[in-house]
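Structure file target24.txt; described as compact mmCIF, N, CA and C atoms.
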# COMPACT_ATOMS: atom_id res chain seq x y z
N MET A 9 30.07 -23.31 171.40
CA MET A 9 30.68 -23.74 170.16
C MET A 9 30.41 -22.68 169.10
N LYS A 10 31.47 -22.23 168.44
CA LYS A 10 31.35 -21.26 167.35
C LYS A 10 31.03 -22.00 166.06
N VAL A 11 29.91 -21.65 165.46
CA VAL A 11 29.47 -22.29 164.23
C VAL A 11 29.35 -21.20 163.16
N PHE A 12 30.12 -21.34 162.10
CA PHE A 12 30.10 -20.36 161.02
C PHE A 12 29.05 -20.77 160.00
N LEU A 13 28.13 -19.84 159.70
CA LEU A 13 27.04 -20.12 158.76
C LEU A 13 27.29 -19.43 157.43
N ASP A 14 27.28 -20.21 156.37
CA ASP A 14 27.38 -19.68 155.02
C ASP A 14 26.10 -18.90 154.71
N THR A 15 26.19 -17.96 153.80
CA THR A 15 25.04 -17.13 153.46
C THR A 15 23.85 -17.96 152.98
N ASN A 16 24.11 -19.07 152.32
CA ASN A 16 22.98 -19.86 151.81
C ASN A 16 22.11 -20.41 152.93
N ILE A 17 22.67 -20.65 154.09
CA ILE A 17 21.88 -21.12 155.24
C ILE A 17 20.94 -20.01 155.70
N LEU A 18 21.44 -18.79 155.78
CA LEU A 18 20.60 -17.66 156.17
C LEU A 18 19.46 -17.47 155.18
N LEU A 19 19.78 -17.54 153.89
CA LEU A 19 18.76 -17.35 152.87
C LEU A 19 17.74 -18.47 152.85
N ASP A 20 18.16 -19.70 153.16
CA ASP A 20 17.20 -20.80 153.25
C ASP A 20 16.11 -20.50 154.27
N VAL A 21 16.52 -19.90 155.39
CA VAL A 21 15.56 -19.56 156.45
C VAL A 21 14.72 -18.36 156.03
N LEU A 22 15.37 -17.32 155.62
CA LEU A 22 14.66 -16.08 155.32
C LEU A 22 13.69 -16.21 154.16
N MET A 23 14.01 -17.08 153.21
CA MET A 23 13.16 -17.25 152.03
C MET A 23 12.35 -18.54 152.09
N GLU A 24 12.48 -19.25 153.23
CA GLU A 24 11.77 -20.52 153.43
C GLU A 24 11.95 -21.46 152.24
N ARG A 25 13.20 -21.61 151.82
CA ARG A 25 13.50 -22.46 150.67
C ARG A 25 13.40 -23.93 151.07
N ARG A 26 12.49 -24.61 150.42
CA ARG A 26 12.29 -26.03 150.65
C ARG A 26 13.18 -26.82 149.71
N PRO A 27 13.70 -27.95 150.11
CA PRO A 27 13.50 -28.68 151.37
C PRO A 27 14.52 -28.32 152.44
N PHE A 28 15.23 -27.23 152.27
CA PHE A 28 16.35 -26.89 153.15
C PHE A 28 15.93 -26.11 154.40
N PHE A 29 14.76 -25.55 154.36
CA PHE A 29 14.32 -24.62 155.40
C PHE A 29 14.38 -25.22 156.81
N GLU A 30 13.84 -26.41 157.02
CA GLU A 30 13.70 -26.95 158.37
C GLU A 30 15.03 -27.08 159.11
N ALA A 31 16.00 -27.72 158.49
CA ALA A 31 17.29 -27.91 159.16
C ALA A 31 18.01 -26.58 159.37
N SER A 32 17.96 -25.72 158.37
CA SER A 32 18.61 -24.42 158.51
C SER A 32 17.92 -23.57 159.58
N ALA A 33 16.60 -23.64 159.64
CA ALA A 33 15.86 -22.90 160.67
C ALA A 33 16.19 -23.41 162.06
N ARG A 34 16.42 -24.68 162.19
CA ARG A 34 16.80 -25.24 163.50
C ARG A 34 18.14 -24.68 163.94
N ILE A 35 19.08 -24.59 163.03
CA ILE A 35 20.40 -24.03 163.36
C ILE A 35 20.27 -22.55 163.71
N TRP A 36 19.46 -21.82 162.95
CA TRP A 36 19.20 -20.41 163.26
C TRP A 36 18.65 -20.30 164.68
N SER A 37 17.70 -21.19 165.03
CA SER A 37 17.11 -21.17 166.37
C SER A 37 18.13 -21.48 167.45
N LEU A 38 19.04 -22.40 167.18
CA LEU A 38 20.09 -22.71 168.14
C LEU A 38 20.95 -21.50 168.43
N ALA A 39 21.22 -20.70 167.40
CA ALA A 39 21.99 -19.47 167.59
C ALA A 39 21.14 -18.45 168.37
N GLU A 40 19.88 -18.37 168.04
CA GLU A 40 18.98 -17.43 168.72
C GLU A 40 18.85 -17.78 170.21
N GLU A 41 18.84 -19.07 170.50
CA GLU A 41 18.74 -19.56 171.88
C GLU A 41 20.10 -19.56 172.59
N VAL A 42 21.13 -19.18 171.89
CA VAL A 42 22.52 -19.14 172.36
C VAL A 42 23.00 -20.53 172.79
N ARG A 43 22.52 -21.54 172.11
CA ARG A 43 23.04 -22.90 172.32
C ARG A 43 24.27 -23.13 171.47
N ILE A 44 24.41 -22.34 170.42
CA ILE A 44 25.64 -22.26 169.63
C ILE A 44 25.94 -20.77 169.45
N ARG A 45 27.19 -20.47 169.12
CA ARG A 45 27.56 -19.08 168.81
C ARG A 45 27.59 -18.96 167.29
N GLY A 46 26.52 -18.46 166.73
CA GLY A 46 26.41 -18.31 165.28
C GLY A 46 27.30 -17.18 164.79
N GLN A 47 28.15 -17.50 163.83
CA GLN A 47 29.08 -16.54 163.25
C GLN A 47 28.76 -16.39 161.76
N VAL A 48 28.76 -15.16 161.26
CA VAL A 48 28.56 -14.94 159.83
C VAL A 48 29.56 -13.90 159.35
N SER A 49 29.93 -14.02 158.10
CA SER A 49 30.85 -13.04 157.50
C SER A 49 30.12 -11.72 157.28
N ALA A 50 30.87 -10.65 157.37
CA ALA A 50 30.31 -9.32 157.07
C ALA A 50 29.72 -9.28 155.67
N ILE A 51 30.27 -10.05 154.74
CA ILE A 51 29.74 -10.02 153.37
C ILE A 51 28.35 -10.64 153.26
N SER A 52 27.95 -11.41 154.25
CA SER A 52 26.60 -11.98 154.22
C SER A 52 25.53 -10.90 154.31
N TYR A 53 25.83 -9.83 155.02
CA TYR A 53 24.84 -8.76 155.20
C TYR A 53 24.45 -8.08 153.89
N PRO A 54 25.41 -7.59 153.09
CA PRO A 54 24.98 -7.00 151.81
C PRO A 54 24.37 -8.02 150.86
N ASN A 55 24.85 -9.26 150.89
CA ASN A 55 24.26 -10.30 150.03
C ASN A 55 22.81 -10.55 150.39
N VAL A 56 22.53 -10.70 151.68
CA VAL A 56 21.16 -10.93 152.15
C VAL A 56 20.30 -9.70 151.85
N PHE A 57 20.82 -8.52 152.12
CA PHE A 57 20.04 -7.30 151.86
C PHE A 57 19.65 -7.21 150.39
N TYR A 58 20.59 -7.48 149.52
CA TYR A 58 20.32 -7.39 148.08
C TYR A 58 19.24 -8.39 147.66
N ILE A 59 19.39 -9.64 148.07
CA ILE A 59 18.45 -10.68 147.64
C ILE A 59 17.07 -10.48 148.25
N VAL A 60 17.01 -10.26 149.55
CA VAL A 60 15.72 -10.06 150.21
C VAL A 60 15.08 -8.76 149.70
N GLY A 61 15.88 -7.73 149.52
CA GLY A 61 15.37 -6.46 149.02
C GLY A 61 14.74 -6.58 147.64
N ARG A 62 15.36 -7.34 146.77
CA ARG A 62 14.81 -7.54 145.41
C ARG A 62 13.49 -8.28 145.46
N LEU A 63 13.37 -9.22 146.38
CA LEU A 63 12.16 -10.04 146.43
C LEU A 63 11.06 -9.45 147.31
N SER A 64 11.44 -8.77 148.39
CA SER A 64 10.45 -8.33 149.37
C SER A 64 10.47 -6.84 149.68
N GLY A 65 11.40 -6.13 149.10
CA GLY A 65 11.47 -4.70 149.33
C GLY A 65 12.50 -4.30 150.36
N ARG A 66 12.85 -3.03 150.30
CA ARG A 66 13.91 -2.48 151.14
C ARG A 66 13.58 -2.54 152.63
N LYS A 67 12.34 -2.24 153.00
CA LYS A 67 11.96 -2.27 154.42
C LYS A 67 12.09 -3.67 155.00
N ALA A 68 11.64 -4.66 154.25
CA ALA A 68 11.75 -6.06 154.71
C ALA A 68 13.22 -6.46 154.85
N ALA A 69 14.03 -6.04 153.90
CA ALA A 69 15.46 -6.37 153.95
C ALA A 69 16.13 -5.72 155.16
N ALA A 70 15.77 -4.48 155.45
CA ALA A 70 16.35 -3.79 156.61
C ALA A 70 15.94 -4.49 157.90
N LYS A 71 14.73 -4.95 157.97
CA LYS A 71 14.24 -5.66 159.16
C LYS A 71 14.99 -6.98 159.35
N VAL A 72 15.25 -7.66 158.25
CA VAL A 72 16.01 -8.91 158.29
C VAL A 72 17.41 -8.67 158.85
N LEU A 73 18.06 -7.60 158.40
CA LEU A 73 19.42 -7.31 158.89
C LEU A 73 19.40 -7.02 160.39
N GLN A 74 18.39 -6.34 160.86
CA GLN A 74 18.27 -6.07 162.30
C GLN A 74 18.13 -7.38 163.07
N SER A 75 17.35 -8.29 162.54
CA SER A 75 17.18 -9.60 163.18
C SER A 75 18.49 -10.37 163.20
N MET A 76 19.19 -10.39 162.08
CA MET A 76 20.48 -11.08 162.01
C MET A 76 21.47 -10.49 163.00
N ARG A 77 21.51 -9.16 163.06
CA ARG A 77 22.45 -8.48 163.95
C ARG A 77 22.23 -8.87 165.41
N ALA A 78 20.99 -9.12 165.78
CA ALA A 78 20.67 -9.48 167.16
C ALA A 78 21.06 -10.92 167.49
N ILE A 79 21.24 -11.74 166.47
CA ILE A 79 21.45 -13.18 166.69
C ILE A 79 22.89 -13.61 166.42
N PHE A 80 23.48 -13.12 165.36
CA PHE A 80 24.78 -13.62 164.90
C PHE A 80 25.91 -12.64 165.16
N SER A 81 27.08 -13.19 165.45
CA SER A 81 28.30 -12.39 165.53
C SER A 81 28.84 -12.20 164.12
N VAL A 82 29.33 -11.02 163.85
CA VAL A 82 29.84 -10.68 162.52
C VAL A 82 31.35 -10.80 162.50
N VAL A 83 31.85 -11.54 161.53
CA VAL A 83 33.28 -11.65 161.33
C VAL A 83 33.69 -10.58 160.32
N ALA A 84 34.60 -9.71 160.73
CA ALA A 84 35.02 -8.60 159.89
C ALA A 84 35.64 -9.09 158.58
N CYS A 85 35.37 -8.33 157.56
CA CYS A 85 35.97 -8.60 156.24
C CYS A 85 36.91 -7.44 155.95
N ASP A 86 38.17 -7.64 156.31
CA ASP A 86 39.15 -6.56 156.14
C ASP A 86 40.18 -6.95 155.08
N GLU A 87 41.22 -6.14 154.99
CA GLU A 87 42.25 -6.35 153.98
C GLU A 87 42.90 -7.74 154.12
N ARG A 88 43.12 -8.15 155.34
CA ARG A 88 43.75 -9.46 155.57
C ARG A 88 42.87 -10.60 155.05
N VAL A 89 41.58 -10.54 155.35
CA VAL A 89 40.66 -11.58 154.86
C VAL A 89 40.63 -11.58 153.34
N ILE A 90 40.53 -10.40 152.74
CA ILE A 90 40.49 -10.32 151.28
C ILE A 90 41.77 -10.87 150.67
N ASN A 91 42.92 -10.49 151.21
CA ASN A 91 44.19 -10.99 150.67
C ASN A 91 44.29 -12.50 150.79
N GLN A 92 43.91 -13.04 151.93
CA GLN A 92 43.97 -14.49 152.11
C GLN A 92 42.98 -15.20 151.17
N ALA A 93 41.81 -14.60 150.98
CA ALA A 93 40.83 -15.20 150.08
C ALA A 93 41.32 -15.20 148.64
N ILE A 94 41.97 -14.11 148.23
CA ILE A 94 42.52 -14.03 146.88
C ILE A 94 43.60 -15.11 146.70
N GLU A 95 44.46 -15.25 147.70
CA GLU A 95 45.55 -16.22 147.61
C GLU A 95 45.09 -17.66 147.74
N ALA A 96 43.90 -17.88 148.29
CA ALA A 96 43.41 -19.24 148.52
C ALA A 96 43.13 -20.00 147.22
N GLY A 97 42.86 -19.28 146.14
CA GLY A 97 42.69 -19.93 144.85
C GLY A 97 41.38 -20.68 144.68
N PHE A 98 40.36 -20.32 145.42
CA PHE A 98 39.05 -20.96 145.27
C PHE A 98 38.48 -20.60 143.90
N GLU A 99 37.64 -21.49 143.39
CA GLU A 99 36.93 -21.18 142.15
C GLU A 99 35.94 -20.03 142.38
N ASP A 100 35.30 -20.02 143.53
CA ASP A 100 34.31 -19.00 143.88
C ASP A 100 34.90 -18.09 144.96
N PHE A 101 35.14 -16.84 144.62
CA PHE A 101 35.76 -15.91 145.56
C PHE A 101 34.94 -15.71 146.82
N GLU A 102 33.63 -15.64 146.68
CA GLU A 102 32.76 -15.46 147.86
C GLU A 102 32.94 -16.62 148.84
N ASP A 103 33.05 -17.84 148.34
CA ASP A 103 33.30 -18.98 149.21
C ASP A 103 34.66 -18.87 149.89
N ALA A 104 35.64 -18.34 149.19
CA ALA A 104 36.97 -18.14 149.79
C ALA A 104 36.88 -17.16 150.95
N VAL A 105 36.14 -16.08 150.77
CA VAL A 105 35.97 -15.10 151.85
C VAL A 105 35.25 -15.75 153.04
N GLN A 106 34.26 -16.55 152.76
CA GLN A 106 33.54 -17.25 153.83
C GLN A 106 34.49 -18.18 154.60
N PHE A 107 35.27 -18.96 153.87
CA PHE A 107 36.19 -19.91 154.49
C PHE A 107 37.23 -19.19 155.34
N VAL A 108 37.87 -18.18 154.78
CA VAL A 108 38.90 -17.44 155.52
C VAL A 108 38.30 -16.79 156.75
N SER A 109 37.09 -16.29 156.64
CA SER A 109 36.41 -15.67 157.79
C SER A 109 36.17 -16.70 158.89
N ALA A 110 35.76 -17.89 158.53
CA ALA A 110 35.52 -18.95 159.52
C ALA A 110 36.82 -19.34 160.22
N VAL A 111 37.88 -19.46 159.46
CA VAL A 111 39.18 -19.79 160.04
C VAL A 111 39.62 -18.68 160.99
N ARG A 112 39.46 -17.45 160.54
CA ARG A 112 39.89 -16.30 161.34
C ARG A 112 39.23 -16.26 162.71
N VAL A 113 37.95 -16.58 162.76
CA VAL A 113 37.21 -16.49 164.02
C VAL A 113 37.39 -17.76 164.87
N GLY A 114 38.04 -18.77 164.33
CA GLY A 114 38.24 -20.01 165.07
C GLY A 114 36.98 -20.84 165.19
N ALA A 115 36.18 -20.84 164.14
CA ALA A 115 34.93 -21.60 164.15
C ALA A 115 35.20 -23.10 164.29
N SER A 116 34.29 -23.78 164.94
CA SER A 116 34.38 -25.24 165.07
C SER A 116 34.09 -25.93 163.75
N CYS A 117 33.23 -25.30 162.93
CA CYS A 117 32.85 -25.87 161.65
C CYS A 117 32.19 -24.80 160.80
N ILE A 118 32.03 -25.12 159.52
CA ILE A 118 31.26 -24.29 158.61
C ILE A 118 30.01 -25.09 158.24
N VAL A 119 28.87 -24.44 158.33
CA VAL A 119 27.62 -25.08 157.90
C VAL A 119 27.21 -24.42 156.59
N THR A 120 27.05 -25.24 155.56
CA THR A 120 26.75 -24.76 154.22
C THR A 120 25.98 -25.83 153.46
N ARG A 121 25.28 -25.40 152.41
CA ARG A 121 24.67 -26.39 151.52
C ARG A 121 25.60 -26.74 150.37
N ASP A 122 26.74 -26.10 150.31
CA ASP A 122 27.70 -26.33 149.23
C ASP A 122 29.04 -26.81 149.76
N PRO A 123 29.07 -27.96 150.45
CA PRO A 123 30.34 -28.40 151.04
C PRO A 123 31.45 -28.65 150.02
N ASP A 124 31.09 -28.97 148.79
CA ASP A 124 32.11 -29.23 147.78
C ASP A 124 32.83 -27.96 147.33
N HIS A 125 32.32 -26.80 147.71
CA HIS A 125 32.96 -25.53 147.35
C HIS A 125 34.09 -25.16 148.30
N PHE A 126 34.27 -25.97 149.35
CA PHE A 126 35.27 -25.67 150.37
C PHE A 126 36.31 -26.77 150.42
N PRO A 127 37.54 -26.44 150.80
CA PRO A 127 38.60 -27.45 150.85
C PRO A 127 38.42 -28.39 152.05
N ARG A 128 38.97 -29.55 151.92
CA ARG A 128 38.99 -30.50 153.03
C ARG A 128 40.18 -30.16 153.92
N THR A 129 39.87 -29.68 155.10
CA THR A 129 40.90 -29.32 156.07
C THR A 129 40.49 -29.90 157.41
N GLU A 130 41.18 -29.45 158.45
CA GLU A 130 40.82 -29.91 159.80
C GLU A 130 39.45 -29.39 160.22
N MET A 131 39.02 -28.27 159.63
CA MET A 131 37.72 -27.72 159.97
C MET A 131 36.62 -28.48 159.23
N PRO A 132 35.69 -29.08 159.96
CA PRO A 132 34.59 -29.78 159.29
C PRO A 132 33.71 -28.82 158.48
N ILE A 133 33.32 -29.26 157.30
CA ILE A 133 32.40 -28.53 156.43
C ILE A 133 31.15 -29.40 156.37
N LEU A 134 30.06 -28.93 156.98
CA LEU A 134 28.89 -29.77 157.17
C LEU A 134 27.63 -29.15 156.55
N SER A 135 26.75 -30.01 156.07
CA SER A 135 25.42 -29.55 155.68
C SER A 135 24.63 -29.32 156.96
N PRO A 136 23.52 -28.62 156.90
CA PRO A 136 22.72 -28.42 158.12
C PRO A 136 22.30 -29.73 158.78
N THR A 137 21.86 -30.70 158.00
CA THR A 137 21.45 -31.98 158.59
C THR A 137 22.64 -32.73 159.19
N GLU A 138 23.79 -32.65 158.54
CA GLU A 138 25.00 -33.29 159.10
C GLU A 138 25.39 -32.63 160.41
N PHE A 139 25.32 -31.31 160.46
CA PHE A 139 25.64 -30.60 161.69
C PHE A 139 24.71 -31.02 162.83
N LEU A 140 23.42 -31.01 162.55
CA LEU A 140 22.45 -31.37 163.60
C LEU A 140 22.64 -32.80 164.08
N ALA A 141 22.89 -33.72 163.15
CA ALA A 141 23.08 -35.13 163.52
C ALA A 141 24.38 -35.32 164.30
N ALA A 142 25.43 -34.65 163.89
CA ALA A 142 26.75 -34.80 164.53
C ALA A 142 26.75 -34.24 165.95
N HIS A 143 25.90 -33.30 166.21
CA HIS A 143 25.89 -32.64 167.51
C HIS A 143 24.65 -32.93 168.33
N SER A 144 23.91 -33.94 167.91
CA SER A 144 22.69 -34.36 168.62
C SER A 144 21.80 -33.18 168.98
N LEU A 145 21.61 -32.30 168.01
CA LEU A 145 20.83 -31.10 168.25
C LEU A 145 19.52 -31.08 167.45
N GLU A 146 19.18 -32.19 166.78
CA GLU A 146 17.95 -32.24 165.98
C GLU A 146 16.74 -32.22 166.85
Kindly return the structure encoded in the file as structure tokens.
Amino acid sequence: MKVFLDTNILLDVLMERRPFFEASARIWSLAEEVRIRGQVSAISYPNVFYIVGRLSGRKAAAKVLQSMRAIFSVVACDERVINQAIEAGFEDFEDAVQFVSAVRVGASCIVTRDPDHFPRTEMPILSPTEFLAAHSLE
């Protein structure tokens, strides 16, 4: 099952943000164990590098990206994704890029802590706890 992870899920794990850490870490582990196919947008990499780098330094941020690269498949962010995201009319452009990327890769769902930032479509938009409960993976 292809599961698209919003950047906030990655940051919850990397920064151990409570109370979100446990459920997000479980999903990260499922991808690491290849029980799900974790998908992330290419834009998640510079976002994570910037945030982790500011808090923990450049070396720590580079190590994080290496870890992510080993676990998650990257969905390309090309001209088509950008054009579709611009046309989507989202309030938050970054969320539009995330959504279009998930659709492009044929993800089964998007896991995010901000489900209200995404449109209601056929693709389920789930919080980490909703995802785990819906798929009996807790």
In Å and to one decimal, atom C of Ser32 of chain A is distant from atom CA of Thr137 of chain A by 9.2 Å
Residue neighbourhood Phe80 of chain A, 7 Å, all atoms listed in the file, exclusion window fewer than 5 positions, as an NGL selection string | :A and (39-40 or 45-48 or 75)
Residues within 8 Å of Thr120 of chain A, only C-alpha atoms, excluding chain neighbours under 5 positions, as number ranges by chain
A: 13-17, 133-136
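Picture a line from atom C of Val119 of chain A to atom CA of Pro27 of chain A; it runs 15.3 Å.
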Ile51 of chain A surroundings by only N, CA and C atoms, 8 Å radius, close-in-sequence under 3 positions cut, as a ChimeraX atom specification | /A:15,48,54-57,82-85,105-106
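Take atom CA of Val21 of chain A and atom CA of Ala33 of chain A: the distance between them is 5.4 Å.
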* To do: Looking only at helix (DSSP H, G or I) from DSSP on the backbone, list the matching residues of segment 13-74 of chain A as a PyMOL selection string.
  => chain A and resi 15-22+29-40+52-64+66-74
(message) Give me, as a PyMOL selection string, the residues of segment 20-140 of chain A that a backbone DSSP run labels strand (DSSP E).
(response) chain A and resi 45-49+81-83+117-119+133-134
Would you save the residues from that selection as a CSV table (one decimal), in the coordinates of the input, using N, CA and C atoms?
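Below is the file that was written, out_37.csv:
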chain,number,residue,atom,x,y,z
A,45,ARG,N,27.2,-20.5,169.1
A,45,ARG,CA,27.6,-19.1,168.8
A,45,ARG,C,27.6,-19.0,167.3
A,46,GLY,N,26.5,-18.5,166.7
A,46,GLY,CA,26.4,-18.3,165.3
A,46,GLY,C,27.3,-17.2,164.8
A,47,GLN,N,28.2,-17.5,163.8
A,47,GLN,CA,29.1,-16.5,163.2
A,47,GLN,C,28.8,-16.4,161.8
A,48,VAL,N,28.8,-15.2,161.3
A,48,VAL,CA,28.6,-14.9,159.8
A,48,VAL,C,29.6,-13.9,159.4
A,49,SER,N,29.9,-14.0,158.1
A,49,SER,CA,30.8,-13.0,157.5
A,49,SER,C,30.1,-11.7,157.3
A,81,SER,N,27.1,-13.2,165.4
A,81,SER,CA,28.3,-12.4,165.5
A,81,SER,C,28.8,-12.2,164.1
A,82,VAL,N,29.3,-11.0,163.8
A,82,VAL,CA,29.8,-10.7,162.5
A,82,VAL,C,31.4,-10.8,162.5
A,83,VAL,N,31.8,-11.5,161.5
A,83,VAL,CA,33.3,-11.6,161.3
A,83,VAL,C,33.7,-10.6,160.3
A,117,CYS,N,33.2,-25.3,162.9
A,117,CYS,CA,32.8,-25.9,161.6
A,117,CYS,C,32.2,-24.8,160.8
A,118,ILE,N,32.0,-25.1,159.5
A,118,ILE,CA,31.3,-24.3,158.6
A,118,ILE,C,30.0,-25.1,158.2
A,119,VAL,N,28.9,-24.4,158.3
A,119,VAL,CA,27.6,-25.1,157.9
A,119,VAL,C,27.2,-24.4,156.6
A,133,ILE,N,33.3,-29.3,157.3
A,133,ILE,CA,32.4,-28.5,156.4
A,133,ILE,C,31.2,-29.4,156.4
A,134,LEU,N,30.1,-28.9,157.0
A,134,LEU,CA,28.9,-29.8,157.2
A,134,LEU,C,27.6,-29.2,156.6
Listed atoms of segment 46-62 of chain A, axis-aligned box, 5 Å per side: centre and edge lengths to one decimal in Å, as lines of an AutoDock Vina configuration file?
center_x = 22.2
center_y = -12.5
center_z = 156.1
size_x = 27.4
size_y = 22.0
size_z = 31.3
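Closest approach to Ala115 of chain A from the set A:Met23, A:Arg88, A:His143, A:Pro132 is made by A:Pro132, with distances taken over all atoms listed in the file.
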Pro127 of chain A proximity check over A:Phe28, A:Phe101, A:Phe107, A:Phe12, using only N, CA and C atoms: winner is A:Phe107
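Using only C-alpha atoms, the shortest contact distance between Ser109 of chain A and any of A:Ser49, A:Arg62, A:Arg43, A:Arg25 is found at A:Ser49.
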